[in-house]
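I have placed the structure first, in the form of structure tokens, so that the comments after it can refer back to it.
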Amino acid sequence: MSGTVLFSPKQVQELISTGNVVFIDVRDSKDFEAGHLPGAVNMPDIFTYLAETTEDGLKILQEKFVALFSEYGLDGTKTAIIYEDALHTRYGGSCRGYWILRYLGYPNVGILDGGMMAWKQAGGDLTTENTRPERSIFPAAIQNSLMATYQDVLHALTDPSVRLLDNRDKVEWLAESSSPYGVDFAPRKGRIPGAVWIEWYEFMKVSDGQASFRSPEETLTLAASRGLKPDDDIIIYCFKGARAANTYVALSQAGFKKLRIYMGSWNEWSRNPALPIEDGTPKAAAPFLKK
């Protein structure tokens, strides 16, 4: 895997000059058509896809994205750079794309740091022209160590060596809303029992409308405030794995090594009445709800 995760606009310009890069825009098609990075392709499925972590669900996820990435020419030699509007505006869409490609074993993948907003602020060009890359064979090599299934999470409820991290918005954590899609989009409101909560926005700082990840030292301090340490075995969840991917990147940059994303997240968990939830006011929430 490439060592660089967050690519600055300058680094992206250098990649363009090599001619060996594929930009993947995760925004809606109407936003993409209004202007995008030169040569970019549009893949909103990265953000919108709702995964299930059953055996069949994971097979469908793998087949779907291997097919899409093959259509866009990812053959293992090209660097894939994922981007969105900005790191804090689309619920972690670009980070979700990065994580999916890592899960599928793609060797060269990164994120445009700051998204299109940073690109424009740096004087980067936009275009409305559509690019159609030559189809390739995607070199899938599934990295199961990055994925947590609902069964893994269920096991973690009785395994003190595994920590659960919920990074949804405050109203979801407080069981006031079931999802970002609407208060009652999912059938149940609440939390996975035993999870600690850090709202995903807290891993970023925003200045002049531009978001960037906090320094590794700040991230370590934030994680420690919830009892999380770099050598912990942590499963992150949100509603569908996008905000969790944003947090995955932040924690990875701070040196956390044992990180998995529960890709089904609350969308899957809440729809299975056999899986336990905690609703009402969180038992251990008091110190963190005054913001």
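Residue numbers start at 1 in each chain; chains themselves are named A, B, ... in the order of the structure tokens; ligands are numbered from 1 in the order shown.
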Strand (DSSP E or B) per DSSP on the backbone: members of segment 128-232 of chain A, as a ChimeraX atom specification
/A:147-148,162-166,191,196-197,204-207,210-213
Near segment 224-233 of chain A, counting only C-alpha atoms, which residues have an atom at most 6 Å away, once you skip same-chain residues fewer than 5 positions from it, shown as a list in words?
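Using only C-alpha atoms, the neighbours found are Val162, Phe256 and Lys258 of chain A.
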Tell me, as a list in words, which residues lie within 12 Å of Pro107 of chain A, counting only C-alpha atoms; anything in the same chain fewer than 3 positions away does not count.
Met1, Ser2, Gly3, Thr4, Val5, Leu74, Asp75, Gly76, Thr77, Lys78, Thr79, Ala80, Ile81, Tyr98, Trp99, Ile100, Leu101, Arg102, Tyr103, Leu104, Gly110, Phe138, Pro139, Ala140, Ala141, Ile142 and Gln143 of chain A
Restricted to N, CA and C atoms, what would the selected residues look like written as a PDB file, in the first residue's frame?
ATOM      1  N   MET A   1       0.829  -1.187   0.000  1.00  0.00           N
ATOM      2  CA  MET A   1       0.000   0.000   0.000  1.00  0.00           C
ATOM      3  C   MET A   1       0.879   1.258   0.000  1.00  0.00           C
ATOM      4  N   SER A   2       0.435   2.275  -0.716  1.00  0.00           N
ATOM      5  CA  SER A   2       1.144   3.551  -0.724  1.00  0.00           C
ATOM      6  C   SER A   2       1.133   4.159   0.668  1.00  0.00           C
ATOM      7  N   GLY A   3       2.263   4.785   1.068  1.00  0.00           N
ATOM      8  CA  GLY A   3       2.347   5.362   2.399  1.00  0.00           C
ATOM      9  C   GLY A   3       1.569   6.650   2.559  1.00  0.00           C
ATOM     10  N   THR A   4       1.370   7.402   1.478  1.00  0.00           N
ATOM     11  CA  THR A   4       0.655   8.673   1.557  1.00  0.00           C
ATOM     12  C   THR A   4      -0.849   8.432   1.487  1.00  0.00           C
ATOM     13  N   VAL A   5      -1.586   9.040   2.425  1.00  0.00           N
ATOM     14  CA  VAL A   5      -3.045   8.927   2.441  1.00  0.00           C
ATOM     15  C   VAL A   5      -3.679  10.234   1.986  1.00  0.00           C
ATOM     16  N   LEU A  74      -9.038   1.051 -12.991  1.00  0.00           N
ATOM     17  CA  LEU A  74      -8.097   0.823 -11.895  1.00  0.00           C
ATOM     18  C   LEU A  74      -7.488  -0.570 -12.042  1.00  0.00           C
ATOM     19  N   ASP A  75      -6.261  -0.604 -12.524  1.00  0.00           N
ATOM     20  CA  ASP A  75      -5.600  -1.867 -12.852  1.00  0.00           C
ATOM     21  C   ASP A  75      -4.476  -2.228 -11.888  1.00  0.00           C
ATOM     22  N   GLY A  76      -4.306  -1.435 -10.824  1.00  0.00           N
ATOM     23  CA  GLY A  76      -3.246  -1.700  -9.863  1.00  0.00           C
ATOM     24  C   GLY A  76      -2.022  -0.849 -10.058  1.00  0.00           C
ATOM     25  N   THR A  77      -1.836  -0.298 -11.255  1.00  0.00           N
ATOM     26  CA  THR A  77      -0.674   0.564 -11.508  1.00  0.00           C
ATOM     27  C   THR A  77      -1.015   2.040 -11.319  1.00  0.00           C
ATOM     28  N   LYS A  78      -2.259   2.396 -11.543  1.00  0.00           N
ATOM     29  CA  LYS A  78      -2.678   3.798 -11.420  1.00  0.00           C
ATOM     30  C   LYS A  78      -2.975   4.143  -9.957  1.00  0.00           C
ATOM     31  N   THR A  79      -2.712   5.382  -9.605  1.00  0.00           N
ATOM     32  CA  THR A  79      -3.083   5.870  -8.282  1.00  0.00           C
ATOM     33  C   THR A  79      -4.514   6.385  -8.318  1.00  0.00           C
ATOM     34  N   ALA A  80      -5.344   5.919  -7.394  1.00  0.00           N
ATOM     35  CA  ALA A  80      -6.721   6.394  -7.284  1.00  0.00           C
ATOM     36  C   ALA A  80      -6.776   7.471  -6.207  1.00  0.00           C
ATOM     37  N   ILE A  81      -7.272   8.645  -6.571  1.00  0.00           N
ATOM     38  CA  ILE A  81      -7.448   9.735  -5.617  1.00  0.00           C
ATOM     39  C   ILE A  81      -8.943  10.028  -5.496  1.00  0.00           C
ATOM     40  N   TYR A  98     -11.827   5.724  -0.009  1.00  0.00           N
ATOM     41  CA  TYR A  98     -10.459   5.286   0.319  1.00  0.00           C
ATOM     42  C   TYR A  98     -10.500   3.947   1.041  1.00  0.00           C
ATOM     43  N   TRP A  99     -11.382   3.859   2.059  1.00  0.00           N
ATOM     44  CA  TRP A  99     -11.447   2.629   2.850  1.00  0.00           C
ATOM     45  C   TRP A  99     -11.930   1.447   2.006  1.00  0.00           C
ATOM     46  N   ILE A 100     -12.920   1.649   1.158  1.00  0.00           N
ATOM     47  CA  ILE A 100     -13.409   0.557   0.305  1.00  0.00           C
ATOM     48  C   ILE A 100     -12.288   0.031  -0.587  1.00  0.00           C
ATOM     49  N   LEU A 101     -11.521   0.929  -1.173  1.00  0.00           N
ATOM     50  CA  LEU A 101     -10.418   0.490  -2.027  1.00  0.00           C
ATOM     51  C   LEU A 101      -9.351  -0.249  -1.225  1.00  0.00           C
ATOM     52  N   ARG A 102      -9.099   0.199  -0.022  1.00  0.00           N
ATOM     53  CA  ARG A 102      -8.154  -0.525   0.834  1.00  0.00           C
ATOM     54  C   ARG A 102      -8.700  -1.901   1.196  1.00  0.00           C
ATOM     55  N   TYR A 103      -9.976  -1.971   1.514  1.00  0.00           N
ATOM     56  CA  TYR A 103     -10.606  -3.253   1.840  1.00  0.00           C
ATOM     57  C   TYR A 103     -10.511  -4.219   0.658  1.00  0.00           C
ATOM     58  N   LEU A 104     -10.657  -3.689  -0.542  1.00  0.00           N
ATOM     59  CA  LEU A 104     -10.549  -4.523  -1.740  1.00  0.00           C
ATOM     60  C   LEU A 104      -9.100  -4.826  -2.115  1.00  0.00           C
ATOM     61  N   GLY A 110      -5.445   7.259  -2.395  1.00  0.00           N
ATOM     62  CA  GLY A 110      -5.338   8.376  -1.471  1.00  0.00           C
ATOM     63  C   GLY A 110      -6.562   9.260  -1.535  1.00  0.00           C
ATOM     64  N   PHE A 138      -9.607  -5.234 -12.332  1.00  0.00           N
ATOM     65  CA  PHE A 138      -9.280  -4.743 -10.991  1.00  0.00           C
ATOM     66  C   PHE A 138      -8.615  -5.862 -10.190  1.00  0.00           C
ATOM     67  N   PRO A 139      -7.459  -5.580  -9.574  1.00  0.00           N
ATOM     68  CA  PRO A 139      -6.712  -6.630  -8.859  1.00  0.00           C
ATOM     69  C   PRO A 139      -7.203  -6.808  -7.420  1.00  0.00           C
ATOM     70  N   ALA A 140      -8.361  -7.399  -7.236  1.00  0.00           N
ATOM     71  CA  ALA A 140      -8.944  -7.543  -5.901  1.00  0.00           C
ATOM     72  C   ALA A 140      -8.122  -8.494  -5.032  1.00  0.00           C
ATOM     73  N   ALA A 141      -7.906  -8.083  -3.784  1.00  0.00           N
ATOM     74  CA  ALA A 141      -7.230  -8.914  -2.794  1.00  0.00           C
ATOM     75  C   ALA A 141      -7.829  -8.525  -1.441  1.00  0.00           C
ATOM     76  N   ILE A 142      -8.955  -9.117  -1.087  1.00  0.00           N
ATOM     77  CA  ILE A 142      -9.774  -8.673   0.034  1.00  0.00           C
ATOM     78  C   ILE A 142      -8.986  -8.672   1.342  1.00  0.00           C
ATOM     79  N   GLN A 143      -9.066  -7.544   2.053  1.00  0.00           N
ATOM     80  CA  GLN A 143      -8.386  -7.377   3.339  1.00  0.00           C
ATOM     81  C   GLN A 143      -9.424  -7.522   4.457  1.00  0.00           C
TER      82      GLN A 143
END
Proximity of segment 69-103 of chain A to segment 27-32 of chain A: per-residue shortest pair, 10 Å limit, only C-alpha atoms, as a Markdown table:
| residue | atom | partner | partner_atom | distance |
| --- | --- | --- | --- | --- |
| A:Tyr83 | CA | A:Arg27 | CA | 8.3 |
| A:Glu84 | CA | A:Arg27 | CA | 6.0 |
| A:Asp85 | CA | A:Arg27 | CA | 7.5 |
| A:Arg90 | CA | A:Arg27 | CA | 8.1 |
| A:Gly93 | CA | A:Arg27 | CA | 8.1 |
| A:Ser94 | CA | A:Arg27 | CA | 9.0 |
Excluding Asn130 of chain A and any residue of its chain fewer than 2 positions from it, enumerate the residues within 12 Å of it, using only C-alpha atoms, and give them as an MDAnalysis selection string.
chainID A and resid 25 29 32:42 126:128 132:133
Could you name the residues that touch Ala195 of chain A at 8 Å or less, counting only C-alpha atoms, but leaving out those on the same chain fewer than 5 positions away, as a PDB file with N, CA and C atoms, in the first residue's frame?
ATOM      1  N   ARG A 163     -12.923  -2.608  21.653  1.00  0.00           N
ATOM      2  CA  ARG A 163     -13.634  -1.373  21.970  1.00  0.00           C
ATOM      3  C   ARG A 163     -14.530  -0.972  20.799  1.00  0.00           C
ATOM      4  N   LEU A 164     -15.724  -0.516  21.102  1.00  0.00           N
ATOM      5  CA  LEU A 164     -16.654  -0.023  20.089  1.00  0.00           C
ATOM      6  C   LEU A 164     -16.691   1.490  20.138  1.00  0.00           C
ATOM      7  N   LEU A 165     -16.550   2.115  18.984  1.00  0.00           N
ATOM      8  CA  LEU A 165     -16.570   3.575  18.883  1.00  0.00           C
ATOM      9  C   LEU A 165     -17.699   4.012  17.966  1.00  0.00           C
ATOM     10  N   ASP A 166     -18.642   4.747  18.513  1.00  0.00           N
ATOM     11  CA  ASP A 166     -19.761   5.319  17.772  1.00  0.00           C
ATOM     12  C   ASP A 166     -19.400   6.765  17.456  1.00  0.00           C
TER      13      ASP A 166
END
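If only C-alpha atoms are the atoms counted, then among A:Val109, A:Val171, A:Ala118, A:Met43 the closest residue to Val183 of chain A is A:Val171.
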Taking into account only C-alpha atoms, which residue in the set A:Val21, A:Leu87, A:Val26, A:Ala51 is nearest to Gly73 of chain A?
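Using only C-alpha atoms, the shortest distance to Gly73 of chain A belongs to A:Val21.
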To one decimal place in Å, what is the distance between atom CA of Ile24 of chain A and atom CA of Ile236 of chain A?
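Going from atom CA of Ile24 of chain A over to atom CA of Ile236 of chain A covers 24.2 Å.
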Looking only at the backbone, which of the residues in segment 15-264 of chain A does DSSP tag as alpha helix (DSSP H), as a PyMOL selection string?
chain A and resi 15-18+29-34+45-48+55-71+93-103+115-121+150-156+170-173+216-224+242-253
One decimal, Å: what's the distance from atom CA of Ser265 of chain A over to atom CA of Met117 of chain A, could you say?
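So the two atoms, atom CA of Ser265 of chain A and atom CA of Met117 of chain A, lie 28.6 Å apart.
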Distance of atom CA of Glu134 of chain A from atom CA of Leu6 of chain A, expressed in Å to one decimal place
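About the pair atom CA of Leu6 of chain A and atom CA of Glu134 of chain A: they are 26.0 Å apart.
The residue that comes closest to Gly182 of chain A, out of A:Gly92, A:Trp200, A:Ser215, A:Phe239 and on the basis of only C-alpha atoms, is A:Phe239.
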Which residues, written as a PyMOL selection string, have at least one atom at most 10 Å from Glu278 of chain A, with only C-alpha atoms counted and residues fewer than 3 positions away on the same chain left out?
chain A and resi 173-175+189-195+281-283
May I have the residues within 12 Å of Pro187 of chain A as a PyMOL selection string, using only C-alpha atoms and disregarding those fewer than 6 positions away in the same chain?
chain A and resi 175+177-179+266-273+277
Writer output for current selection, N, CA, C and O atoms, as a compact mmCIF listing (two decimals), in the first residue's frame:
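Output below, filename selection.txt:
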# COMPACT_ATOMS: atom_id res chain seq x y z
N ALA A 175 -30.35 8.97 20.64
CA ALA A 175 -31.57 8.23 20.27
C ALA A 175 -32.73 9.17 19.95
O ALA A 175 -33.89 8.80 20.10
N SER A 177 -32.78 10.63 16.80
CA SER A 177 -32.95 10.38 15.37
C SER A 177 -32.30 9.04 15.02
O SER A 177 -31.31 8.66 15.65
N SER A 178 -32.86 8.38 14.02
CA SER A 178 -32.32 7.07 13.65
C SER A 178 -31.21 7.17 12.60
O SER A 178 -30.47 6.21 12.40
N SER A 179 -31.10 8.33 11.91
CA SER A 179 -30.15 8.41 10.81
C SER A 179 -30.03 9.83 10.28
O SER A 179 -30.88 10.68 10.56
N TRP A 266 -25.27 1.29 11.85
CA TRP A 266 -26.60 1.36 12.45
C TRP A 266 -27.70 0.98 11.47
O TRP A 266 -28.74 0.44 11.88
N ASN A 267 -27.50 1.22 10.18
CA ASN A 267 -28.52 0.86 9.21
C ASN A 267 -28.81 -0.64 9.26
O ASN A 267 -29.97 -1.06 9.24
N GLU A 268 -27.77 -1.46 9.35
CA GLU A 268 -27.96 -2.90 9.42
C GLU A 268 -28.38 -3.33 10.83
O GLU A 268 -29.31 -4.12 11.00
N TRP A 269 -27.66 -2.83 11.83
CA TRP A 269 -27.89 -3.27 13.22
C TRP A 269 -29.33 -2.99 13.66
O TRP A 269 -29.98 -3.85 14.26
N SER A 270 -29.83 -1.81 13.34
CA SER A 270 -31.17 -1.42 13.82
C SER A 270 -32.29 -2.20 13.15
O SER A 270 -33.41 -2.27 13.68
N ARG A 271 -32.00 -2.80 12.01
CA ARG A 271 -33.03 -3.53 11.26
C ARG A 271 -33.13 -5.00 11.67
O ARG A 271 -33.99 -5.72 11.17
N ASN A 272 -32.27 -5.42 12.56
CA ASN A 272 -32.32 -6.80 13.05
C ASN A 272 -32.78 -6.78 14.51
O ASN A 272 -31.99 -6.48 15.41
N PRO A 273 -34.04 -7.11 14.79
CA PRO A 273 -34.56 -7.01 16.16
C PRO A 273 -33.88 -7.95 17.14
O PRO A 273 -34.01 -7.79 18.36
N ILE A 277 -29.86 -3.14 21.57
CA ILE A 277 -29.54 -1.73 21.52
C ILE A 277 -29.72 -1.12 22.91
O ILE A 277 -30.38 -1.69 23.77
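Remark: for Gln13 of chain A, the closest of the candidate residues A:Phe65, A:Trp119, A:Tyr72, A:Tyr91 is A:Trp119 (distances computed over only C-alpha atoms).
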Identify which of the residues A:Met204, A:Ala122, A:Ile46, A:Met263 lies closest to Gly241 of chain A, counting only C-alpha atoms when measuring atom-to-atom distances.
A:Met263
Rank nothing, just name the residue among A:Ala211, A:Leu251, A:Leu58, A:Ile198 nearest to Lys170 of chain A, using only C-alpha atoms.
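That would be A:Ile198, the residue with the smallest distance to Lys170 of chain A.
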